[in-house]
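Data from protein.tsv: TSV, C-alpha atoms
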chain	number	residue	atom	x	y	z
L	165	MET	CA	-17.23	6.72	7.59
L	166	ASP	CA	-16.29	3.77	9.78
L	167	LEU	CA	-12.52	3.78	10.35
L	168	ILE	CA	-10.14	1.28	11.88
L	169	SER	CA	-6.75	2.20	13.31
L	170	LYS	CA	-3.61	0.56	11.97
L	171	LYS	CA	-2.94	-1.08	15.31
L	172	ASP	CA	-6.45	-2.56	15.47
L	173	LEU	CA	-6.22	-3.63	11.83
L	174	LEU	CA	-3.04	-5.61	12.48
L	175	ALA	CA	-4.52	-7.15	15.62
L	176	THR	CA	-7.83	-8.05	13.92
L	177	THR	CA	-6.35	-9.55	10.76
L	178	GLY	CA	-3.15	-11.00	12.23
L	179	ILE	CA	-1.00	-9.49	9.49
L	180	SER	CA	2.37	-7.88	10.20
L	181	TYR	CA	3.68	-4.38	9.48
L	182	GLY	CA	5.85	-6.00	6.81
L	183	GLN	CA	2.87	-7.49	4.99
L	184	LEU	CA	0.86	-4.28	5.27
L	185	TYR	CA	3.60	-2.19	3.68
L	186	ARG	CA	4.52	-4.85	1.07
L	187	TRP	CA	0.89	-4.88	-0.07
L	188	LYS	CA	0.88	-1.10	-0.14
L	189	ARG	CA	3.98	-1.11	-2.35
L	190	GLU	CA	2.35	-3.65	-4.65
L	191	ARG	CA	-0.70	-1.34	-4.86
L	192	LEU	CA	-2.91	-4.06	-3.37
L	193	LEU	CA	-3.90	-1.52	-0.74
L	194	PRO	CA	-4.57	1.89	-2.29
L	195	GLU	CA	-2.63	4.77	-0.86
L	196	GLU	CA	-5.86	6.75	-0.29
L	197	TRP	CA	-6.87	4.19	2.32
L	198	PHE	CA	-3.96	5.23	4.57
L	199	ILE	CA	-5.64	8.17	6.31
L	200	LYS	CA	-3.42	10.05	8.71
L	201	GLN	CA	-5.04	11.72	11.69
L	202	SER	CA	-3.67	13.46	14.76
L	203	SER	CA	-3.77	11.46	17.95
L	204	TYR	CA	-2.44	11.82	21.50
L	205	THR	CA	0.74	9.99	20.45
L	206	GLY	CA	1.30	12.37	17.54
L	207	GLN	CA	-0.14	10.93	14.36
L	208	GLU	CA	-1.99	7.71	13.69
L	209	THR	CA	-3.06	6.01	10.49
L	210	PHE	CA	-6.63	4.88	9.98
L	211	PHE	CA	-8.31	2.90	7.19
L	212	PRO	CA	-11.86	2.69	5.83
L	213	LYS	CA	-12.87	-0.32	7.89
L	214	GLU	CA	-15.21	-2.23	5.61
L	215	GLN	CA	-13.05	-1.82	2.51
L	216	VAL	CA	-9.71	-2.65	4.07
L	217	LEU	CA	-10.98	-5.70	5.96
L	218	SER	CA	-12.63	-7.06	2.85
L	219	ARG	CA	-9.49	-6.43	0.77
L	220	ILE	CA	-7.18	-8.08	3.30
L	221	LYS	CA	-9.51	-11.08	3.51
L	222	ALA	CA	-9.33	-11.41	-0.28
L	223	ILE	CA	-5.53	-11.12	-0.29
L	224	LEU	CA	-5.13	-13.67	2.48
L	225	GLU	CA	-7.43	-16.11	0.66
L	226	LEU	CA	-5.53	-15.86	-2.61
L	227	LYS	CA	-1.93	-15.10	-1.63
L	228	ASP	CA	-0.81	-18.74	-1.59
L	229	GLU	CA	-2.09	-19.45	-5.10
L	230	HIS	CA	-1.02	-16.22	-6.79
L	231	SER	CA	2.00	-13.96	-6.79
L	232	LEU	CA	1.50	-10.43	-5.46
L	233	GLU	CA	1.79	-9.13	-9.02
L	234	GLU	CA	-1.01	-11.45	-10.18
L	235	LEU	CA	-3.10	-10.47	-7.19
L	236	SER	CA	-2.58	-6.81	-7.95
L	237	ARG	CA	-3.78	-7.43	-11.51
L	238	LEU	CA	-6.72	-9.45	-10.25
L	239	LEU	CA	-7.91	-7.02	-7.61
L	240	MET	CA	-7.14	-3.76	-9.36
L	241	ALA	CA	-8.01	-4.74	-12.96
L	242	THR	CA	-10.58	-2.88	-15.02
L	243	PRO	CA	-14.11	-4.18	-14.55
L	244	ASP	CA	-14.86	-4.89	-18.23
L	245	THR	CA	-14.53	-8.68	-18.35
L	246	VAL	CA	-17.74	-10.22	-19.73
L	247	ILE	CA	-19.13	-13.07	-17.70
L	248	ALA	CA	-22.23	-15.17	-18.42
L	249	PRO	CA	-24.70	-15.37	-15.49
L	250	GLU	CA	-24.28	-19.16	-15.27
L	251	ARG	CA	-20.61	-18.65	-14.34
L	252	PHE	CA	-21.89	-17.53	-10.94
L	253	THR	CA	-23.92	-20.71	-10.44
L	254	GLY	CA	-22.72	-23.00	-7.69
L	255	VAL	CA	-19.71	-20.80	-6.87
L	256	ARG	CA	-18.91	-20.93	-3.18
L	257	GLY	CA	-19.45	-17.55	-1.52
L	258	ILE	CA	-21.97	-16.32	-4.11
L	259	ASP	CA	-25.64	-16.32	-3.17
L	260	GLY	CA	-27.55	-19.07	-5.03
L	261	ASP	CA	-30.34	-16.71	-6.18
L	262	PHE	CA	-27.93	-14.30	-7.82
L	263	PRO	CA	-27.43	-15.97	-11.25
L	264	ALA	CA	-31.22	-15.99	-11.85
L	265	THR	CA	-31.54	-12.37	-10.69
L	266	LEU	CA	-28.70	-11.29	-12.97
L	267	ALA	CA	-30.10	-13.22	-15.96
L	268	GLY	CA	-33.54	-11.68	-15.27
L	269	VAL	CA	-32.12	-8.17	-15.34
L	270	LEU	CA	-29.48	-8.42	-18.07
L	271	GLY	CA	-30.51	-11.46	-20.11
L	272	LYS	CA	-28.38	-14.54	-20.74
L	273	ASP	CA	-25.70	-12.84	-22.87
L	274	GLY	CA	-23.70	-11.99	-19.82
L	275	SER	CA	-22.57	-8.89	-18.04
L	276	THR	CA	-19.28	-7.25	-17.31
L	277	ILE	CA	-17.77	-7.96	-13.92
L	278	GLY	CA	-18.45	-4.30	-13.12
L	279	ASP	CA	-22.18	-4.62	-13.88
L	280	ALA	CA	-22.24	-7.87	-11.92
L	281	ALA	CA	-20.60	-6.10	-8.98
L	282	VAL	CA	-23.25	-3.35	-8.94
L	283	ALA	CA	-25.94	-6.03	-9.23
L	284	TYR	CA	-24.48	-8.24	-6.51
L	285	ALA	CA	-23.92	-5.34	-4.11
L	286	ILE	CA	-27.60	-4.37	-4.40
L	287	HIS	CA	-28.79	-7.99	-4.48
L	288	GLN	CA	-27.03	-8.81	-1.22
L	289	LYS	CA	-27.73	-5.55	0.59
L	290	GLY	CA	-31.32	-5.55	-0.70
L	291	LYS	CA	-31.88	-9.07	0.61
L	292	GLU	CA	-30.40	-8.10	3.95
L	293	LEU	CA	-32.76	-5.10	4.10
L	294	GLY	CA	-35.76	-7.24	3.20
L	295	ILE	CA	-36.40	-5.56	-0.17
L	296	ALA	CA	-38.75	-7.67	-2.31
L	297	LYS	CA	-37.33	-9.51	-5.32
L	298	ALA	CA	-39.13	-7.39	-7.96
L	299	ALA	CA	-38.13	-4.10	-6.31
L	300	ARG	CA	-34.56	-5.37	-6.03
L	301	ALA	CA	-34.47	-6.24	-9.73
L	302	ASP	CA	-35.78	-2.76	-10.64
L	303	LEU	CA	-33.13	-1.16	-8.45
L	304	ILE	CA	-30.36	-3.29	-9.99
L	305	ARG	CA	-31.53	-2.42	-13.51
L	306	ALA	CA	-31.62	1.32	-12.80
L	307	SER	CA	-28.29	1.24	-10.96
L	308	ILE	CA	-26.40	-0.63	-13.71
L	309	GLN	CA	-27.71	1.91	-16.20
L	310	ALA	CA	-26.66	4.81	-13.97
L	311	MET	CA	-23.17	3.46	-13.35
L	312	LYS	CA	-22.27	2.71	-16.99
L	313	GLY	CA	-18.89	4.24	-17.72
L	314	HIS	CA	-18.16	5.21	-14.12
L	315	ALA	CA	-15.21	3.94	-12.09
L	316	LEU	CA	-16.19	1.32	-9.54
L	317	HIS	CA	-13.03	0.57	-7.60
L	318	ASP	CA	-13.58	3.09	-4.86
L	319	THR	CA	-17.36	3.46	-4.97
L	320	LEU	CA	-19.97	3.09	-2.27
L	321	CYS	CA	-23.60	2.32	-2.95
L	322	THR	CA	-26.11	3.67	-0.44
L	323	ILE	CA	-29.66	2.35	-0.68
L	324	PHE	CA	-32.37	4.69	0.48
L	325	ALA	CA	-36.15	4.91	0.40
L	326	ALA	CA	-38.16	7.91	-0.75
L	327	HIS	CA	-41.91	8.15	-1.29
L	328	GLY	CA	-42.26	4.39	-0.87
L	329	LYS	CA	-39.70	3.56	-3.54
L	330	TYR	CA	-36.12	2.30	-3.25
L	331	HIS	CA	-33.21	4.18	-4.80
L	332	ALA	CA	-29.44	3.87	-4.87
L	333	CYS	CA	-26.89	6.66	-4.50
L	334	PHE	CA	-23.30	6.01	-5.66
L	335	SER	CA	-20.47	8.00	-4.16
L	336	ALA	CA	-16.74	7.98	-4.83
L	337	GLY	CA	-14.30	7.47	-1.96
L	338	SER	CA	-15.08	6.10	1.44
L	339	ALA	CA	-17.30	8.93	2.71
L	340	ARG	CA	-20.98	8.08	2.83
L	341	PRO	CA	-23.51	10.59	1.46
L	342	ILE	CA	-25.47	12.57	4.00
L	343	PHE	CA	-29.18	12.98	3.33
L	344	ASP	CA	-31.65	15.41	4.81
L	345	GLY	CA	-34.36	14.19	7.15
L	346	ASP	CA	-36.89	13.32	4.39
L	347	LEU	CA	-34.73	10.55	2.98
L	348	GLU	CA	-34.04	7.38	4.87
L	349	ALA	CA	-30.64	5.81	4.18
L	350	LEU	CA	-31.11	2.08	4.71
L	351	GLY	CA	-27.66	0.66	4.14
L	352	THR	CA	-24.34	1.12	2.39
L	353	VAL	CA	-22.20	-1.37	0.52
L	354	SER	CA	-18.84	-1.03	-1.23
L	355	VAL	CA	-19.13	-1.81	-4.93
L	356	GLY	CA	-15.35	-2.05	-5.34
L	357	GLU	CA	-15.02	-4.61	-2.61
L	358	THR	CA	-18.08	-6.51	-3.87
L	359	MET	CA	-16.31	-6.68	-7.23
L	360	ASN	CA	-13.19	-8.03	-5.51
L	361	ALA	CA	-15.26	-10.60	-3.62
L	362	LEU	CA	-16.83	-11.73	-6.91
L	363	LYS	CA	-13.44	-11.96	-8.59
L	364	VAL	CA	-12.03	-13.92	-5.67
L	365	ALA	CA	-15.00	-16.30	-5.62
L	366	LEU	CA	-14.86	-16.81	-9.40
L	367	GLU	CA	-11.09	-17.17	-9.38
L	368	ALA	CA	-11.26	-19.80	-6.65
L	369	GLY	CA	-13.87	-21.73	-8.64
L	370	SER	CA	-12.45	-21.33	-12.13
L	371	SER	CA	-8.77	-22.38	-12.00
L	372	GLY	CA	-7.33	-19.05	-13.07
L	373	GLU	CA	-9.64	-18.37	-16.02
L	374	LEU	CA	-10.68	-14.99	-14.72
L	375	THR	CA	-7.12	-13.70	-14.43
L	376	GLU	CA	-6.44	-14.62	-18.05
L	377	GLU	CA	-9.67	-13.07	-19.35
L	378	LYS	CA	-8.76	-9.71	-17.94
L	379	GLN	CA	-5.42	-9.38	-19.69
C	728	MET	CA	17.04	-2.52	-24.54
C	729	ARG	CA	20.27	-0.61	-25.02
C	730	ASP	CA	23.07	-0.24	-22.51
C	731	LEU	CA	24.63	3.12	-21.81
C	732	THR	CA	27.86	4.17	-20.13
C	733	ILE	CA	28.53	7.82	-19.43
C	734	ASP	CA	32.18	8.58	-18.75
C	735	GLY	CA	32.33	12.30	-19.34
C	736	MET	CA	29.49	14.76	-19.12
C	737	SER	CA	26.19	14.00	-20.77
C	738	LYS	CA	22.49	14.79	-20.87
C	739	ILE	CA	19.88	12.14	-21.63
C	740	ASP	CA	16.13	12.41	-22.16
C	741	GLY	CA	15.18	9.34	-20.17
C	742	GLY	CA	13.63	6.14	-21.46
C	743	GLU	CA	14.37	2.47	-20.98
C	744	TYR	CA	17.82	0.99	-20.60
C	745	GLY	CA	19.28	-2.42	-19.92
C	746	MET	CA	22.40	-1.41	-18.06
C	747	LEU	CA	23.13	2.22	-17.24
C	748	LYS	CA	26.48	3.25	-15.83
C	749	VAL	CA	27.41	6.79	-14.86
C	750	ASP	CA	31.11	7.31	-14.22
C	751	GLY	CA	31.14	10.97	-15.08
C	752	MET	CA	28.35	13.48	-14.74
C	753	ALA	CA	24.91	12.85	-16.20
C	754	THR	CA	21.59	14.66	-16.20
C	755	CYS	CA	18.36	12.95	-17.18
C	756	SER	CA	15.43	15.20	-18.09
C	757	GLY	CA	12.60	12.62	-18.03
C	758	ASN	CA	11.50	9.38	-16.43
C	759	LEU	CA	14.06	6.64	-16.51
C	760	SER	CA	13.88	2.88	-16.18
C	761	ALA	CA	16.71	0.39	-16.31
C	762	GLU	CA	17.43	-3.20	-15.41
C	763	THR	CA	20.57	-2.14	-13.56
C	764	ALA	CA	22.04	1.26	-12.88
C	765	THR	CA	25.36	2.18	-11.31
C	766	VAL	CA	26.31	5.70	-10.31
C	767	ASP	CA	29.99	6.17	-9.57
C	768	GLY	CA	30.03	9.80	-10.58
C	769	MET	CA	27.17	12.26	-10.31
C	770	PHE	CA	23.66	11.76	-11.61
C	771	THR	CA	20.74	14.17	-11.60
C	772	GLY	CA	17.32	12.88	-12.61
C	773	GLU	CA	14.41	15.24	-13.16
C	774	GLY	CA	11.74	12.53	-13.30
C	775	ASP	CA	10.91	9.18	-11.71
C	776	VAL	CA	13.44	6.37	-11.68
C	777	SER	CA	12.53	2.70	-11.79
C	778	VAL	CA	15.40	0.23	-11.63
C	779	GLY	CA	15.83	-3.50	-11.01
C	780	ALA	CA	19.08	-2.93	-9.14
C	781	LEU	CA	20.55	0.48	-8.35
C	782	LYS	CA	24.02	0.95	-6.92
C	783	CYS	CA	25.05	4.45	-5.96
C	784	ASP	CA	28.69	4.85	-5.00
C	785	GLY	CA	28.75	8.46	-6.13
C	786	MET	CA	26.02	11.04	-5.80
C	787	ALA	CA	22.53	10.79	-7.20
C	788	LYS	CA	19.84	13.44	-6.98
C	789	ILE	CA	16.46	12.31	-8.22
C	790	ARG	CA	13.65	14.82	-8.21
C	791	GLY	CA	10.87	12.26	-8.74
C	792	ASN	CA	10.06	8.97	-7.00
C	793	VAL	CA	12.39	6.00	-6.95
C	794	LYS	CA	11.38	2.35	-7.29
C	795	ALA	CA	14.03	-0.34	-7.17
C	796	GLY	CA	14.31	-4.06	-6.60
C	797	LYS	CA	17.63	-3.83	-4.85
C	798	LEU	CA	19.18	-0.55	-3.79
C	799	GLU	CA	22.71	-0.16	-2.55
C	800	VAL	CA	23.94	3.27	-1.46
C	801	ASP	CA	27.57	3.74	-0.53
C	802	GLY	CA	27.60	7.35	-1.64
C	803	MET	CA	24.69	9.76	-1.39
C	804	LEU	CA	21.16	9.47	-2.71
C	805	LYS	CA	18.83	12.44	-2.51
C	806	VAL	CA	15.21	11.85	-3.52
C	807	GLY	CA	13.03	14.88	-4.17
C	808	GLY	CA	9.82	12.90	-4.70
C	809	SER	CA	7.66	11.55	-1.93
C	810	LYS	CA	8.52	7.88	-2.30
C	811	LEU	CA	11.49	5.58	-2.33
C	812	GLU	CA	10.35	1.99	-2.68
C	813	ALA	CA	12.47	-1.15	-2.94
C	814	ASP	CA	12.53	-4.80	-2.02
C	815	GLU	CA	15.88	-4.44	-0.29
C	816	ILE	CA	17.94	-1.41	0.68
C	817	SER	CA	21.45	-1.36	2.05
C	818	CYS	CA	23.06	1.95	2.88
C	819	ASP	CA	26.57	2.64	4.04
C	820	GLY	CA	26.37	6.19	2.77
C	821	MET	CA	23.45	8.59	3.07
C	822	ILE	CA	19.86	8.62	1.88
C	823	LYS	CA	17.86	11.81	2.12
C	824	ILE	CA	14.18	12.11	1.25
C	825	ARG	CA	11.37	14.38	2.45
C	826	GLY	CA	8.89	11.54	2.07
C	827	GLU	CA	8.70	7.85	2.75
C	828	ILE	CA	11.12	4.96	2.35
C	829	SER	CA	9.45	1.57	2.11
C	830	ALA	CA	11.21	-1.75	1.65
C	831	ASP	CA	11.03	-5.32	2.88
C	832	VAL	CA	14.53	-5.11	4.32
C	833	ILE	CA	16.44	-1.93	5.12
C	834	LYS	CA	19.98	-2.24	6.45
C	835	ALA	CA	21.70	1.05	7.02
C	836	ASP	CA	25.09	1.58	8.59
C	837	GLY	CA	25.19	5.09	7.27
C	838	CYS	CA	22.71	7.93	7.67
C	839	ILE	CA	19.08	8.20	6.71
C	840	ASP	CA	17.11	11.40	6.75
C	841	ALA	CA	13.43	10.72	6.01
C	842	GLU	CA	9.87	11.40	7.11
C	843	GLU	CA	9.01	7.71	7.33
C	844	ILE	CA	10.65	4.35	7.00
C	845	THR	CA	8.35	1.36	6.76
C	846	GLY	CA	8.87	-2.30	5.97
C	847	ASP	CA	9.41	-5.75	7.38
C	848	SER	CA	12.93	-5.56	8.85
C	849	ILE	CA	14.61	-2.24	9.50
C	850	PHE	CA	18.14	-2.04	10.87
C	851	VAL	CA	19.62	1.43	11.15
C	852	ARG	CA	22.95	1.78	12.91
C	853	SER	CA	24.27	5.27	12.46
C	854	HIS	CA	27.83	5.87	13.61
C	855	GLY	CA	29.40	8.83	15.36
C	856	HIS	CA	30.64	11.73	13.27
C	857	PHE	CA	34.22	10.72	14.00
C	858	PHE	CA	33.77	8.09	11.32
C	859	ARG	CA	31.55	10.17	9.07
C	860	PRO	CA	32.97	13.70	9.00
C	861	PHE	CA	31.42	14.28	5.58
C	862	PHE	CA	27.85	14.47	6.85
C	863	HIS	CA	26.21	17.34	8.73
C	864	HIS	CA	24.91	15.12	11.48
C	865	ALA	CA	25.94	11.61	12.27
C	866	LYS	CA	22.58	10.46	13.56
C	867	SER	CA	19.78	9.32	11.30
C	868	ARG	CA	16.70	11.50	11.61
C	869	ILE	CA	13.40	9.87	10.82
C	870	LYS	CA	9.94	10.95	12.00
C	871	LEU	CA	8.25	7.54	11.89
C	872	ILE	CA	9.76	4.07	11.80
C	873	GLU	CA	7.38	1.17	11.45
C	874	ALA	CA	8.23	-2.47	10.78
C	875	THR	CA	7.82	-6.00	12.07
C	876	THR	CA	11.44	-6.01	13.29
C	877	VAL	CA	13.22	-2.76	14.16
C	878	GLU	CA	16.80	-2.38	15.35
C	879	LEU	CA	18.23	1.09	15.82
C	880	ARG	CA	21.42	2.76	16.92
C	881	GLY	CA	22.17	6.47	16.73
C	882	VAL	CA	18.70	7.34	15.46
C	883	VAL	CA	16.54	10.35	16.31
C	884	ALA	CA	12.85	9.62	15.72
C	885	ASP	CA	9.41	10.78	16.81
C	886	SER	CA	7.72	7.37	16.75
C	887	VAL	CA	8.90	3.80	16.45
C	888	ASN	CA	6.26	1.09	16.07
C	889	GLY	CA	6.98	-2.60	15.63
C	890	LYS	CA	6.67	-6.13	16.86
C	891	ASP	CA	10.26	-6.79	17.92
C	892	VAL	CA	12.03	-3.54	18.69
C	893	ARG	CA	15.60	-2.88	19.83
C	894	ILE	CA	16.50	0.70	20.65
C	895	GLY	CA	20.26	0.90	20.88
C	896	ARG	CA	22.89	3.33	22.10
C	897	GLY	CA	22.62	6.94	21.00
C	898	CYS	CA	18.93	6.86	20.05
C	899	HIS	CA	16.51	9.66	20.95
C	900	ILE	CA	12.96	8.43	20.46
C	901	ASN	CA	9.80	10.23	21.59
C	902	SER	CA	7.41	7.27	21.58
C	903	VAL	CA	7.71	3.54	21.07
C	904	ASP	CA	4.83	1.13	20.50
C	905	CYS	CA	5.76	-2.52	20.65
C	906	SER	CA	3.69	-5.70	20.37
C	907	GLY	CA	6.40	-8.35	20.82
C	908	THR	CA	9.78	-7.96	22.47
C	909	LEU	CA	11.40	-4.68	23.43
C	910	MET	CA	14.99	-3.84	24.28
C	911	ILE	CA	16.02	-0.31	25.23
C	912	SER	CA	19.69	0.46	25.78
C	913	PRO	CA	20.57	2.37	28.95
C	914	TRP	CA	22.40	4.76	26.59
C	915	ALA	CA	19.23	5.60	24.67
C	916	ARG	CA	16.64	8.28	25.48
C	917	VAL	CA	13.05	7.11	25.04
C	918	GLY	CA	9.86	9.02	25.95
C	919	THR	CA	6.62	7.05	26.18
C	920	VAL	CA	6.44	3.31	25.67
C	921	THR	CA	3.10	1.64	24.88
C	922	GLY	CA	1.91	-1.78	23.74
C	923	ASP	CA	1.79	-5.35	24.95
C	924	TYR	CA	5.42	-6.41	25.00
C	925	ALA	CA	8.05	-8.40	26.89
C	926	THR	CA	11.23	-6.62	27.87
C	927	VAL	CA	14.54	-8.20	26.88
C	928	ARG	CA	18.07	-7.27	27.96
C	929	GLU	CA	20.80	-6.04	25.65
Before we go any further, please render this structure as structure tokens.
Amino acid sequence: MDLISKKDLLATTGISYGQLYRWKRERLLPEEWFIKQSSYTGQETFFPKEQVLSRIKAILELKDEHSLEELSRLLMATPDTVIAPERFTGVRGIDGDFPATLAGVLGKDGSTIGDAAVAYAIHQKGKELGIAKAARADLIRASIQAMKGHALHDTLCTIFAAHGKYHACFSAGSARPIFDGDLEALGTVSVGETMNALKVALEAGSSGELTEEKQ
Amino acid sequence: MRDLTIDGMSKIDGGEYGMLKVDGMATCSGNLSAETATVDGMFTGEGDVSVGALKCDGMAKIRGNVKAGKLEVDGMLKVGGSKLEADEISCDGMIKIRGEISADVIKADGCIDAEEITGDSIFVRSHGHFFRPFFHHAKSRIKLIEATTVELRGVVADSVNGKDVRIGRGCHINSVDCSGTLMISPWARVGTVTGDYATVRE
């Protein structure tokens, strides 16, 4: 697991101790992300790097338009809002191929934001890894099916290859799964943070509709 | 929501209240929430307490966590849970918790005994026991203090981390990490100092 120290986090993001702890109190930053470890100065706090940086980016982008309470609802809400694939079309920050991929896998009726998050995590990571479109769609289909009914907030998706086929492994928490030598882990992506990124992108492009839908 | 005033001795189950006032002696067996709560007598809560504004001039012992908008302690507040969270805390009396206190602003002229205090602005100025004979020790004892602005006097702490830090008279601090301005009183004892800071005079 890639960790970042509290000191480095503040320096990288430019936020203050006050903001960090206010967001913790508002549950915008989950308590589990504050990982205490012994250091030469006594004790230091570390965070899962990818997740915390992505979350802070989302908070900073939205904090001027929403109260912290609204943000908490937006970022921590249950992933069961139904969204039609075309809602993702033309939204800044969402890959242009994604609406077609999602419609191809789930049809035009729409998907929940949770399904869309699983799909987008694999879509983006798959593209980055050079996985062909058809193989990506198969992987998205199988993964959405596998993740039905599971919590997504604190979930990592690790894509790996075995016997010439791509697979996804979902794990809770910020620890990545460890495979034996026969399996090749290709890349890991946070589904929870992908879901937040989708919410943020949709929220920014939909004048608050998403927040209302989730109530 | 109903209001409740306890003048004598009473036991309540918990629940939601508008205004809760304890002048006598009250015990609450469950979780409690109220818009405002005032403790002038003695209050014991077995569960969590969530209050818009809590004023404790008497003695309150809460075994769960405490969440408050504004918290004012002129008496004594003992929290058995791991968390005391508020927007604003002012303390002329004593707050004791084995866990963490987190608030945007903490102003304490009394004593604080806690594992951690975190927030935006933390001012703790504990006075000598001459003025506070009631308490065991006059100094505040806190393992970790972390905030954007920290100002301390009469505080014993392991670590103090902040942007603008002032360590005043009577402090015993093992390590300080500062990223802005740092003032250390000649009458304070400080171990290691790290960070990228500018020193300022008292």
Determine, for each residue of chain C having at least one atom at most 8 Å from an atom of chain L, the closest pair of atoms and their separation in Å to one decimal, counting only C-alpha atoms; order by chain and ascending number, as a tab-separated table.
residue	atom	partner	partner_atom	distance
C:Glu812	CA	L:Arg189	CA	7.1
C:Ser829	CA	L:Tyr185	CA	7.1
C:Ala830	CA	L:Arg186	CA	7.4
C:Asp831	CA	L:Gly182	CA	6.5
C:Thr845	CA	L:Tyr185	CA	6.7
C:Gly846	CA	L:Gly182	CA	4.8
C:Asp847	CA	L:Gly182	CA	3.6
C:Ser848	CA	L:Gly182	CA	7.4
C:Glu873	CA	L:Tyr181	CA	7.0
C:Ala874	CA	L:Tyr181	CA	5.1
C:Thr875	CA	L:Tyr181	CA	5.1
C:Gly889	CA	L:Tyr181	CA	7.2
C:Ser902	CA	L:Thr205	CA	7.3
Atomic separation - atom CA of His899 of chain C relative to atom CA of Val800 of chain C, Å | 24.5 Å
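Straight-line separation from atom CA of Ala361 of chain L to atom CA of Lys221 of chain L: 9.2 Å.
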Quick one: everything within 12 Å of Gly260 of chain L, counting all atoms listed in the file, minus sequence neighbours fewer than 3 positions away in the same chain. Send it as a ChimeraX atom specification.
-> /L:249-257,263-266,284,287-288
Would you list the contacts of Cys783 of chain C as a list in words, taking every protein, DNA or RNA residue within 10 Å and counting all atoms listed in the file, but skipping same-chain residues closer than 4 positions in sequence?
-> Val749, Ala764, Thr765, Val766, Asp767, Gly768, Met769, Phe770, Ala787, Leu798, Glu799, Val800, Asp801, Gly802, Met803, Leu804, Cys818 and Gly820 of chain C
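If you look at atom CA of Ala332 of chain L and atom CA of Leu316 of chain L, they are 14.3 Å away from each other.
Using all atoms listed in the file for every distance, the candidate list C:Glu743, C:Gly791, C:Ser853, C:Ala753 yields C:Glu743 as the residue closest to Gly779 of chain C.
With only C-alpha atoms taken into account, the protein and nucleic acid residues at most 9 Å from Arg825 of chain C (excluding it and anything under 3 positions from it in its own chain) are Val806, Gly807, Gly808, Ser809, Lys810, Asp840, Ala841, Glu842 and Glu843 of chain C.
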Would you pick out the contacts of Gly337 of chain L at 8 Å or less, using all atoms listed in the file, so that residues sharing its chain but fewer than 3 positions from it are not included, and give the list as an mmCIF file with C-alpha atoms, keeping the file's coordinate frame?
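That gives us out.cif:
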data_model
loop_
_atom_site.group_PDB
_atom_site.id
_atom_site.type_symbol
_atom_site.label_atom_id
_atom_site.label_comp_id
_atom_site.auth_asym_id
_atom_site.auth_seq_id
_atom_site.Cartn_x
_atom_site.Cartn_y
_atom_site.Cartn_z
ATOM 1 C CA ASP L 318 -13.580 3.090 -4.860
ATOM 2 C CA THR L 319 -17.360 3.460 -4.970
ATOM 3 C CA LEU L 320 -19.970 3.090 -2.270
#
Can you list, as an MDAnalysis selection string, every protein, DNA or RNA residue that comes within 7 Å of Ala325 of chain L when you count all atoms listed in the file, leaving out same-chain residues fewer than 6 positions away?
-> chainID L and resid 331 347:349
Residues within 10 Å of (-7.3, -7.0, 5.0), counting only C-alpha atoms, listed as a ChimeraX atom specification | /L:173-174,176-179,184,187,192-193,213-224
